[in-house]
>>> print(open('model_10.cif').read())   # mmCIF, C-alpha atoms and all ligand atoms
data_upload
#
loop_
_atom_site.label_atom_id
_atom_site.label_comp_id
_atom_site.auth_asym_id
_atom_site.auth_seq_id
_atom_site.Cartn_x
_atom_site.Cartn_y
_atom_site.Cartn_z
CA MET A 1 -28.10 -1.01 0.19
CA GLY A 2 -26.40 0.44 -2.83
CA ARG A 3 -26.01 3.94 -4.02
CA ASP A 4 -27.56 6.47 -6.23
CA ARG A 5 -25.35 9.35 -5.17
CA VAL A 6 -21.87 10.58 -5.79
CA ALA A 7 -19.06 10.89 -3.25
CA GLU A 8 -15.91 12.63 -4.44
CA LEU A 9 -13.34 13.55 -1.87
CA THR A 10 -10.79 16.30 -2.40
CA LEU A 11 -7.82 17.25 -0.23
CA ARG A 12 -6.11 20.54 -0.95
CA ALA A 13 -2.77 21.36 0.68
CA VAL A 14 -3.85 19.63 3.88
CA GLU A 15 -1.39 20.04 6.75
CA LYS A 16 -1.20 18.91 10.34
CA ARG A 17 1.14 20.18 13.00
CA PHE A 18 1.29 18.89 16.55
CA GLY A 19 3.35 21.67 18.15
CA ALA A 20 6.75 21.36 16.51
CA VAL A 21 5.92 18.03 14.83
CA GLN A 22 4.74 18.37 11.26
CA ALA A 23 2.78 15.15 10.88
CA VAL A 24 1.23 15.87 7.46
CA LYS A 25 2.68 18.20 4.83
CA ALA A 26 0.67 19.83 2.01
CA VAL A 27 -1.24 16.76 0.85
CA ASP A 28 -3.23 17.12 -2.37
CA LEU A 29 -5.47 14.23 -3.33
CA ASP A 30 -8.56 13.69 -5.47
CA VAL A 31 -10.52 10.55 -4.73
CA ALA A 32 -13.05 9.69 -7.42
CA ASP A 33 -16.55 8.45 -6.70
CA GLY A 34 -16.44 4.73 -5.86
CA GLU A 35 -12.66 4.61 -5.82
CA PHE A 36 -10.65 2.53 -3.33
CA VAL A 37 -7.55 4.52 -2.36
CA VAL A 38 -4.89 3.07 -0.06
CA LEU A 39 -2.58 5.26 2.03
CA VAL A 40 0.63 3.37 2.70
CA GLY A 41 3.94 4.21 4.34
CA PRO A 42 6.16 3.35 7.29
CA SER A 43 5.12 3.82 10.90
CA GLY A 44 4.76 7.47 11.89
CA CYS A 45 4.44 8.81 8.32
CA GLY A 46 1.06 10.43 9.08
CA LYS A 47 -1.43 7.91 7.64
CA SER A 48 -3.75 7.80 10.66
CA THR A 49 -3.52 11.55 11.17
CA LEU A 50 -4.59 12.15 7.57
CA LEU A 51 -7.47 9.68 7.86
CA ARG A 52 -8.59 11.18 11.16
CA MET A 53 -8.61 14.65 9.60
CA ILE A 54 -10.86 13.34 6.81
CA ALA A 55 -13.15 11.81 9.44
CA GLY A 56 -13.15 15.06 11.40
CA LEU A 57 -11.63 13.45 14.48
CA GLU A 58 -8.61 15.72 14.17
CA ASP A 59 -8.58 19.42 13.27
CA ILE A 60 -6.59 20.39 10.21
CA SER A 61 -3.84 22.97 10.65
CA ASP A 62 -4.04 24.21 7.06
CA GLY A 63 -5.67 23.48 3.73
CA GLU A 64 -9.14 22.14 3.01
CA ILE A 65 -11.06 18.90 2.71
CA LEU A 66 -14.10 18.79 0.42
CA LEU A 67 -16.78 16.18 -0.15
CA ASP A 68 -18.60 16.74 -3.45
CA GLY A 69 -17.28 20.27 -3.47
CA ARG A 70 -18.58 21.07 0.00
CA ASN A 71 -15.91 22.23 2.45
CA LEU A 72 -15.88 19.95 5.49
CA ASN A 73 -13.51 21.94 7.68
CA ALA A 74 -16.29 23.12 9.97
CA VAL A 75 -18.51 20.03 9.69
CA ALA A 76 -18.75 17.79 12.78
CA PRO A 77 -17.65 14.13 12.36
CA ARG A 78 -21.21 12.78 12.75
CA ASP A 79 -22.44 15.08 9.98
CA ARG A 80 -19.82 13.99 7.41
CA ASP A 81 -21.63 10.82 6.33
CA MET A 82 -18.48 8.71 6.71
CA ALA A 83 -17.98 5.45 8.59
CA MET A 84 -14.63 4.45 10.03
CA VAL A 85 -13.33 0.96 10.83
CA PHE A 86 -10.53 0.83 13.38
CA GLN A 87 -7.71 -1.62 13.99
CA ASP A 88 -8.94 -2.43 17.50
CA TYR A 89 -12.57 -2.93 16.31
CA ALA A 90 -13.98 -0.53 18.98
CA LEU A 91 -17.06 -2.72 19.63
CA TYR A 92 -19.36 -2.13 22.60
CA PRO A 93 -18.49 -5.05 24.93
CA HIS A 94 -21.83 -5.12 26.77
CA MET A 95 -23.91 -5.28 23.56
CA THR A 96 -24.65 -8.32 21.43
CA VAL A 97 -23.51 -8.50 17.83
CA ALA A 98 -27.01 -7.49 16.70
CA GLU A 99 -27.05 -4.51 19.08
CA ASN A 100 -23.57 -3.47 17.98
CA LEU A 101 -24.64 -3.61 14.34
CA GLY A 102 -27.88 -1.75 14.90
CA PHE A 103 -26.57 0.90 17.29
CA ALA A 104 -26.00 3.69 14.75
CA LEU A 105 -29.49 3.14 13.31
CA LYS A 106 -31.04 3.27 16.76
CA MET A 107 -29.30 6.60 17.32
CA ARG A 108 -31.03 7.80 14.14
CA ASP A 109 -34.39 6.81 15.66
CA MET A 110 -35.06 4.17 13.03
CA ALA A 111 -38.01 1.89 13.77
CA ALA A 112 -37.11 -1.40 15.49
CA SER A 113 -38.50 -3.55 12.69
CA GLU A 114 -36.49 -1.64 10.11
CA ILE A 115 -33.33 -1.94 12.20
CA GLU A 116 -33.86 -5.66 12.47
CA ALA A 117 -34.23 -6.01 8.73
CA LYS A 118 -31.01 -4.04 8.10
CA VAL A 119 -29.11 -5.98 10.75
CA ASN A 120 -30.18 -9.24 9.14
CA GLU A 121 -29.19 -8.01 5.70
CA VAL A 122 -25.69 -6.98 6.84
CA ALA A 123 -25.26 -10.11 8.96
CA ALA A 124 -26.03 -12.22 5.91
CA MET A 125 -23.48 -10.31 3.81
CA LEU A 126 -20.78 -10.93 6.41
CA GLU A 127 -21.89 -14.41 7.48
CA LEU A 128 -22.62 -13.25 11.00
CA ASP A 129 -26.17 -14.67 11.06
CA ALA A 130 -25.40 -17.37 13.60
CA LEU A 131 -23.56 -14.99 15.95
CA LEU A 132 -26.13 -12.21 16.35
CA HIS A 133 -26.87 -13.01 20.01
CA ARG A 134 -23.26 -13.31 21.16
CA LYS A 135 -21.25 -10.63 22.94
CA PRO A 136 -17.92 -9.51 21.41
CA ARG A 137 -15.85 -11.37 24.03
CA ALA A 138 -17.30 -14.65 22.77
CA LEU A 139 -16.08 -13.99 19.22
CA SER A 140 -12.76 -14.71 17.51
CA GLY A 141 -10.63 -11.82 16.26
CA GLY A 142 -11.80 -12.39 12.71
CA GLN A 143 -15.45 -12.43 13.76
CA ARG A 144 -15.01 -9.22 15.75
CA GLN A 145 -13.47 -7.57 12.72
CA ARG A 146 -16.49 -8.61 10.62
CA VAL A 147 -18.81 -7.01 13.18
CA ALA A 148 -16.74 -3.82 13.03
CA LEU A 149 -17.04 -3.92 9.26
CA GLY A 150 -20.77 -4.58 9.50
CA ARG A 151 -21.20 -1.58 11.74
CA ALA A 152 -19.71 0.61 9.03
CA LEU A 153 -21.67 -1.06 6.21
CA ILE A 154 -25.03 -0.73 7.91
CA ARG A 155 -24.77 3.04 8.03
CA ASP A 156 -24.56 3.08 4.22
CA PRO A 157 -22.20 6.07 4.35
CA LYS A 158 -20.85 8.13 1.47
CA VAL A 159 -17.28 7.23 2.41
CA PHE A 160 -15.62 4.30 4.21
CA LEU A 161 -12.45 5.04 6.16
CA PHE A 162 -10.31 2.08 7.26
CA ASP A 163 -7.34 2.38 9.63
CA GLU A 164 -5.31 -0.84 9.49
CA PRO A 165 -8.45 -2.93 10.01
CA LEU A 166 -6.69 -6.26 9.46
CA SER A 167 -3.46 -5.87 11.38
CA ASN A 168 -4.67 -7.78 14.45
CA LEU A 169 -5.58 -10.85 12.41
CA ASP A 170 -3.31 -13.77 11.58
CA ALA A 171 -1.76 -13.91 8.11
CA LYS A 172 -4.24 -16.35 6.58
CA LEU A 173 -7.31 -14.54 7.89
CA ARG A 174 -5.87 -11.26 6.65
CA VAL A 175 -5.66 -12.54 3.09
CA GLY A 176 -9.25 -13.80 3.26
CA MET A 177 -10.57 -10.58 4.78
CA ARG A 178 -8.79 -8.29 2.36
CA MET A 179 -10.52 -10.06 -0.51
CA GLU A 180 -13.83 -9.88 1.28
CA ILE A 181 -13.52 -6.14 1.93
CA ARG A 182 -12.62 -5.60 -1.70
CA LYS A 183 -15.56 -7.68 -2.93
CA LEU A 184 -18.01 -5.82 -0.70
CA GLN A 185 -16.61 -2.47 -1.74
CA ALA A 186 -16.75 -3.41 -5.42
CA ALA A 187 -20.40 -4.40 -5.01
CA LEU A 188 -21.39 -1.28 -3.05
CA ARG A 189 -19.06 1.08 -4.94
CA THR A 190 -18.61 3.20 -1.85
CA THR A 191 -15.71 5.65 -2.00
CA SER A 192 -13.07 4.28 0.37
CA ILE A 193 -9.79 5.30 1.96
CA TYR A 194 -7.80 2.48 3.48
CA VAL A 195 -4.70 2.94 5.64
CA THR A 196 -2.04 0.26 5.98
CA HIS A 197 1.70 -0.04 6.49
CA ASP A 198 1.60 -3.32 4.58
CA GLN A 199 2.65 -2.78 0.97
CA ILE A 200 1.18 -6.13 -0.09
CA GLU A 201 -2.24 -5.02 1.18
CA ALA A 202 -1.76 -1.75 -0.71
CA MET A 203 -0.77 -3.51 -3.94
CA THR A 204 -3.54 -6.09 -3.82
CA MET A 205 -6.43 -3.89 -2.70
CA ALA A 206 -5.94 -0.43 -4.16
CA ASP A 207 -7.38 1.21 -7.23
CA ARG A 208 -4.76 3.82 -6.49
CA ILE A 209 -2.00 3.94 -3.90
CA VAL A 210 -0.73 7.03 -2.09
CA VAL A 211 2.79 6.45 -0.75
CA LEU A 212 3.66 8.65 2.23
CA LYS A 213 6.97 9.30 3.96
CA LEU A 214 7.46 11.68 6.88
CA GLY A 215 4.07 13.30 6.24
CA GLU A 216 4.75 13.94 2.56
CA VAL A 217 3.21 12.31 -0.49
CA GLN A 218 5.92 10.56 -2.49
CA GLN A 219 3.79 9.17 -5.30
CA ILE A 220 0.16 8.60 -6.24
CA GLY A 221 -0.70 5.98 -8.85
CA THR A 222 -2.19 2.61 -9.64
CA PRO A 223 -0.38 -0.37 -8.10
CA ILE A 224 1.18 -1.22 -11.47
CA GLU A 225 2.33 2.36 -12.14
CA ILE A 226 3.95 2.56 -8.74
CA TYR A 227 5.55 -0.85 -9.08
CA GLN A 228 6.86 -0.26 -12.58
CA ARG A 229 7.83 3.41 -12.35
CA PRO A 230 8.63 4.36 -8.75
CA VAL A 231 9.50 8.07 -8.60
CA ASN A 232 12.35 7.52 -6.19
CA SER A 233 14.37 4.79 -4.48
CA PHE A 234 12.23 5.01 -1.33
CA VAL A 235 9.07 4.07 -3.23
CA GLY A 236 11.01 1.48 -5.24
CA THR A 237 12.21 -0.37 -2.17
CA PHE A 238 9.02 0.14 -0.13
CA ILE A 239 6.68 -1.38 -2.71
CA GLY A 240 7.27 -4.91 -3.94
CA SER A 241 8.15 -8.25 -2.46
CA PRO A 242 10.91 -9.30 -2.26
CA PRO A 243 12.08 -5.69 -2.03
CA MET A 244 13.95 -4.12 -4.93
CA SER A 245 17.72 -4.46 -4.49
CA LEU A 246 19.63 -1.17 -4.57
CA SER A 247 23.28 -1.13 -5.67
CA LYS A 248 25.61 1.81 -6.24
CA ALA A 249 27.42 1.61 -9.56
CA ASP A 250 30.11 3.68 -11.28
CA VAL A 251 29.25 4.84 -14.77
CA ARG A 252 31.84 4.53 -17.55
CA TYR A 253 31.04 6.13 -20.90
CA GLU A 254 32.43 4.68 -24.10
CA GLY A 255 31.22 6.26 -27.31
CA GLU A 256 27.41 6.06 -27.33
CA ALA A 257 27.41 3.37 -24.69
CA ALA A 258 27.52 3.47 -20.91
CA PHE A 259 28.68 0.68 -18.62
CA LEU A 260 27.64 0.24 -15.01
CA GLY A 261 30.50 -0.97 -12.82
CA PHE A 262 29.37 -2.83 -9.72
CA GLY A 263 32.89 -3.54 -8.42
CA ARG A 264 35.23 -6.53 -8.73
CA GLY A 265 35.39 -5.92 -12.47
CA GLN A 266 31.72 -6.69 -13.05
CA GLU A 267 30.27 -4.41 -15.69
CA ILE A 268 26.89 -4.33 -17.37
CA ARG A 269 26.23 -2.44 -20.59
CA LEU A 270 23.24 -0.07 -20.63
CA PRO A 271 21.03 0.27 -23.73
CA SER A 272 21.77 3.50 -25.59
CA ASP A 273 18.53 5.27 -24.59
CA ARG A 274 19.29 4.75 -20.91
CA ALA A 275 22.92 5.70 -21.46
CA ALA A 276 21.74 8.98 -22.97
CA VAL A 277 19.73 9.80 -19.84
CA LEU A 278 22.80 9.38 -17.64
CA ARG A 279 25.01 11.30 -20.02
CA SER A 280 22.65 14.27 -20.09
CA ALA A 281 22.54 14.29 -16.29
CA ALA A 282 26.37 14.12 -16.25
CA ILE A 283 26.26 11.30 -13.76
CA ALA A 284 29.39 9.42 -12.70
CA GLN A 285 27.76 7.29 -10.03
CA ILE A 286 24.27 5.90 -9.92
CA GLU A 287 21.92 3.95 -7.68
CA VAL A 288 20.60 0.94 -9.57
CA GLY A 289 17.31 -0.62 -8.52
CA LEU A 290 16.78 -4.23 -9.52
CA ARG A 291 13.68 -6.32 -8.99
CA ALA A 292 14.17 -10.04 -8.54
CA GLU A 293 12.26 -10.86 -11.75
CA HIS A 294 14.76 -8.83 -13.74
CA ILE A 295 17.61 -11.18 -12.98
CA ALA A 296 17.33 -14.62 -14.51
CA LEU A 297 19.48 -17.70 -14.70
CA ALA A 298 21.41 -17.72 -18.00
CA ASP A 299 23.32 -20.99 -17.86
CA GLY A 300 24.14 -22.30 -21.30
CA GLY A 301 23.66 -18.88 -22.87
CA GLY A 302 26.69 -17.09 -24.21
CA GLU A 303 28.69 -14.48 -22.38
CA ASP A 304 27.33 -11.07 -23.24
CA GLU A 305 27.35 -7.61 -21.77
CA ALA A 306 24.15 -8.10 -19.76
CA THR A 307 25.27 -11.28 -17.99
CA PHE A 308 27.48 -11.83 -14.97
CA LEU A 309 28.98 -14.77 -13.14
CA SER A 310 28.02 -15.14 -9.51
CA ASP A 311 28.09 -17.35 -6.48
CA VAL A 312 24.76 -18.15 -4.87
CA ILE A 313 24.74 -16.94 -1.29
CA LEU A 314 21.28 -18.16 -0.32
CA VAL A 315 18.15 -19.63 -1.85
CA GLU A 316 14.71 -19.06 -0.36
CA GLU A 317 12.00 -21.40 -1.64
CA HIS A 318 8.59 -19.83 -2.25
CA GLY A 319 6.96 -22.84 -3.86
CA ALA A 320 6.10 -21.51 -7.30
CA ASP A 321 9.51 -19.90 -7.59
CA SER A 322 12.72 -19.41 -5.62
CA ILE A 323 14.46 -16.22 -4.59
CA ALA A 324 18.24 -16.49 -4.85
CA VAL A 325 20.57 -13.99 -3.22
CA VAL A 326 23.48 -13.62 -5.64
CA ARG A 327 26.60 -11.52 -5.77
CA LEU A 328 26.88 -8.66 -8.24
CA GLY A 329 30.29 -7.06 -7.84
CA ASP A 330 30.44 -5.64 -4.33
CA HIS A 331 26.68 -6.01 -3.86
CA GLU A 332 24.08 -8.64 -3.13
CA VAL A 333 20.96 -8.71 -5.29
CA MET A 334 17.95 -10.99 -5.50
CA ALA A 335 17.00 -13.11 -8.49
CA ARG A 336 13.72 -14.90 -9.12
CA VAL A 337 14.43 -18.36 -10.52
CA LYS A 338 12.57 -21.63 -11.13
CA PRO A 339 12.40 -23.91 -8.09
CA GLY A 340 15.39 -26.22 -8.02
CA GLY A 341 17.27 -24.05 -10.51
CA VAL A 342 20.00 -22.99 -8.13
CA HIS A 343 21.20 -24.01 -4.68
CA THR A 344 22.75 -22.25 -1.74
CA GLY A 345 26.52 -22.38 -2.15
CA ASP A 346 26.56 -22.76 -5.97
CA LYS A 347 29.70 -21.26 -7.48
CA GLY A 348 30.13 -19.43 -10.76
CA ARG A 349 26.56 -19.55 -12.08
CA ARG A 350 25.69 -17.20 -14.93
CA PHE A 351 22.85 -14.70 -14.51
CA GLU A 352 21.36 -12.25 -16.94
CA MET A 353 20.05 -8.81 -16.17
CA ASP A 354 17.06 -7.33 -17.99
CA VAL A 355 18.81 -4.02 -18.60
CA ALA A 356 15.76 -2.41 -20.16
CA ALA A 357 13.84 -2.90 -16.90
CA LEU A 358 16.35 -1.76 -14.31
CA HIS A 359 15.63 1.44 -12.39
CA LEU A 360 18.11 4.30 -12.25
CA PHE A 361 18.03 6.65 -9.27
CA HIS A 362 20.10 9.69 -8.39
CA PRO A 363 22.82 8.45 -6.00
CA GLU A 364 22.19 11.13 -3.34
CA LYS A 365 18.73 12.55 -3.94
CA GLY A 366 17.15 9.21 -4.81
CA GLY A 367 14.94 10.62 -7.59
CA ARG A 368 14.23 8.56 -10.69
CA LEU A 369 16.30 9.24 -13.81
CA GLY A 370 14.60 8.56 -17.12
N1 LIG B 401 -1.70 13.78 19.32
C1 LIG B 401 -0.44 13.87 18.86
N2 LIG B 401 0.44 14.73 19.41
C2 LIG B 401 1.71 14.85 18.94
N3 LIG B 401 2.19 14.14 17.92
C3 LIG B 401 1.37 13.25 17.32
C4 LIG B 401 0.02 13.06 17.76
N4 LIG B 401 -0.55 12.13 16.97
C5 LIG B 401 0.40 11.75 16.10
N5 LIG B 401 1.56 12.42 16.30
C6 LIG B 401 2.80 12.29 15.52
O1 LIG B 401 2.49 12.50 14.16
C7 LIG B 401 3.21 11.63 13.33
C8 LIG B 401 2.26 10.80 12.48
O2 LIG B 401 1.52 9.92 13.30
P1 LIG B 401 0.44 8.91 12.72
O3 LIG B 401 -0.22 8.24 13.86
O4 LIG B 401 -0.44 9.64 11.77
O5 LIG B 401 1.35 7.89 11.93
P2 LIG B 401 0.96 6.53 11.16
O6 LIG B 401 1.48 6.68 9.79
O7 LIG B 401 -0.49 6.25 11.34
O8 LIG B 401 1.85 5.44 11.91
P3 LIG B 401 1.48 3.90 12.31
O9 LIG B 401 1.75 3.08 11.06
O10 LIG B 401 2.51 3.59 13.35
O11 LIG B 401 0.08 3.84 12.79
C9 LIG B 401 4.08 10.79 14.26
O12 LIG B 401 5.35 11.38 14.31
C10 LIG B 401 3.37 10.91 15.58
O13 LIG B 401 4.26 10.76 16.64
MG MG B 402 -1.58 4.72 12.26
#
>>> encode(input="model_10.cif", output="structure tokens", more="lines below")
Ligand SMILES: Nc1ncnc2c1ncn2[C@@H]1O[C@H](COP(=O)(O)OP(=O)(O)OP(=O)(O)O)[C@@H](O)[C@H]1O
Ligand SMILES: [Mg+2]
Amino acid sequence: MGRDRVAELTLRAVEKRFGAVQAVKAVDLDVADGEFVVLVGPSGCGKSTLLRMIAGLEDISDGEILLDGRNLNAVAPRDRDMAMVFQDYALYPHMTVAENLGFALKMRDMAASEIEAKVNEVAAMLELDALLHRKPRALSGGQRQRVALGRALIRDPKVFLFDEPLSNLDAKLRVGMRMEIRKLQAALRTTSIYVTHDQIEAMTMADRIVVLKLGEVQQIGTPIEIYQRPVNSFVGTFIGSPPMSLSKADVRYEGEAAFLGFGRGQEIRLPSDRAAVLRSAAIAQIEVGLRAEHIALADGGGEDEATFLSDVILVEEHGADSIAVVRLGDHEVMARVKPGGVHTGDKGRRFEMDVAALHLFHPEKGGRLG
């Protein structure tokens, strides 16, 4: 296996309507050759519909889908040179693992000896060698998923399409399989589109992430871009674990400076460049997005305008670090601290906010400011 050809996928203003339901709205996307793109978003946001349109399993209501510049709108699924892996594996129950793997090749009238060689090659890649004579019902969930993967690999398609392929596996197996899929894809460099509702899968696997909400693209970018500069509060809270804390704050201007008031007299001073952004938008109230790593314990440090005193409502141990839920004015926010640093029920601990890193969102529209 391996490739000597290019596979660039382009979506232009792709739409899908099911009667009155608009499942996908004007999606534009360019997937580069060999790229691994993850579509992520909450249930019902149109991920599967979009993937099925790319596969040709669903007609598109509007727009166009191109593979290497060739319009696919009228091309039948079997002629698109794409292989799809489904959540429920979709194996043939009456066939052995070897027959399941070789089925697509048999349909292409490949010689039996050649099929056998390919089946053995793929089985070796996925460590299925010892299971080739079993039927799917005699396999574990993880083994079934590897067969489903093998069935896609063996076709050596231009594009892999994955629809939540790991969601039926237990947490540990999922982590192992996501690495395995990524390693295989990196070796084969096959253009891939992967659908998941799991933002951790999206973050860990993607070259680029497409965040969808209600059929609309919110943001397209690398995992780091999306994590560090979410375009709105939806993306900010959807991506990242623990989730970004959102708190409404009143803005008080004083000379060049701006102070964010979180209630109960707790104020944090904004750096002047951020203050300028709020001033130019004439904002009196703001939604502040804080990631746990941007609040640190500051015991012993002096009182300054980026620190606040707080009680510790709850501490969750994660081993390498702890997540503390602390009070910030009228709000609760999460702080990432060293294990053992704070304890549930602590009173009057001092925390420091990394004011350069906090995210500012429009209080009603949710869009990023600055
Ligand atoms: N055949 C259909 N007829 C009518 N509405 C549909 C049909 N298929 C999907 N929908 C609707 O389109 C929207 C998008 O569905 P889709 O299955 O693409 O979501 P999803 O993002 O894959 O969700 P999940 O994470 O739950 O799998 C939903 O509102 C769904 O109810
Ligand atoms: Mg789906």
>>> residues_near_ligand(input="model_10.cif", ligand="ligand MG 402 (chain B)", cutoff="7 Å", atoms="all atoms listed in the file", output="count of residues only")
5
>>> residues_around(input="model_10.cif", residues="A:Thr190", least_positions_apart="4", cutoff="9 Å", atoms="all atoms listed in the file", output="number ranges by chain")
A: 2-3, 6-7, 33-36, 156-160, 185-186
>>> write_last_selection(input="model_10.cif", atoms="C-alpha atoms", output="short mmCIF file (atom, residue, chain, number, x, y, z; two decimals), in the coordinates of the input")
data_model
loop_
_atom_site.label_atom_id
_atom_site.label_comp_id
_atom_site.auth_asym_id
_atom_site.auth_seq_id
_atom_site.Cartn_x
_atom_site.Cartn_y
_atom_site.Cartn_z
CA GLY A 2 -26.40 0.44 -2.83
CA ARG A 3 -26.01 3.94 -4.02
CA VAL A 6 -21.87 10.58 -5.79
CA ALA A 7 -19.06 10.89 -3.25
CA ASP A 33 -16.55 8.45 -6.70
CA GLY A 34 -16.44 4.73 -5.86
CA GLU A 35 -12.66 4.61 -5.82
CA PHE A 36 -10.65 2.53 -3.33
CA ASP A 156 -24.56 3.08 4.22
CA PRO A 157 -22.20 6.07 4.35
CA LYS A 158 -20.85 8.13 1.47
CA VAL A 159 -17.28 7.23 2.41
CA PHE A 160 -15.62 4.30 4.21
CA GLN A 185 -16.61 -2.47 -1.74
CA ALA A 186 -16.75 -3.41 -5.42
#
>>> closest_residue(input="model_10.cif", among="A:Ser280, A:Ser140, A:Gln22, A:Asn100", to="A:Ile154", atoms="all atoms listed in the file")
A:Asn100
>>> closest_atom_pairs(input="model_10.cif", of="chain A", to="ligand LIG 401 (chain B)", cutoff="7 Å", atoms="only C-alpha atoms and all ligand atoms", output="tab-separated table")
residue	atom	partner	partner_atom	distance
A:Phe18	CA	B:LIG401	C2	4.7
A:Val21	CA	B:LIG401	N3	6.2
A:Gln22	CA	B:LIG401	O1	6.9
A:Ala23	CA	B:LIG401	O1	4.2
A:Gly41	CA	B:LIG401	O6	6.5
A:Pro42	CA	B:LIG401	O9	5.8
A:Ser43	CA	B:LIG401	O9	3.5
A:Gly44	CA	B:LIG401	O5	3.4
A:Cys45	CA	B:LIG401	O6	3.9
A:Gly46	CA	B:LIG401	O4	3.2
A:Lys47	CA	B:LIG401	O6	3.8
A:Ser48	CA	B:LIG401	O7	3.7
A:Thr49	CA	B:LIG401	O4	3.7
A:Leu50	CA	B:LIG401	O4	6.4
A:Thr196	CA	B:LIG401	O9	6.9
A:His197	CA	B:LIG401	O9	5.5
A:Gly215	CA	B:LIG401	C8	7.0
>>> closest_residue(input="model_10.cif", among="A:Gly289, A:Gly221, A:Gly329, A:Gly348", to="A:Pro363", atoms="all atoms listed in the file")
A:Gly289
>>> residues_around(input="model_10.cif", residues="stretch 350-357 of chain A", least_positions_apart="2", cutoff="7 Å", atoms="only C-alpha atoms", output="ChimeraX atom specification")
/A:270-271,294-299,306-310,348,359
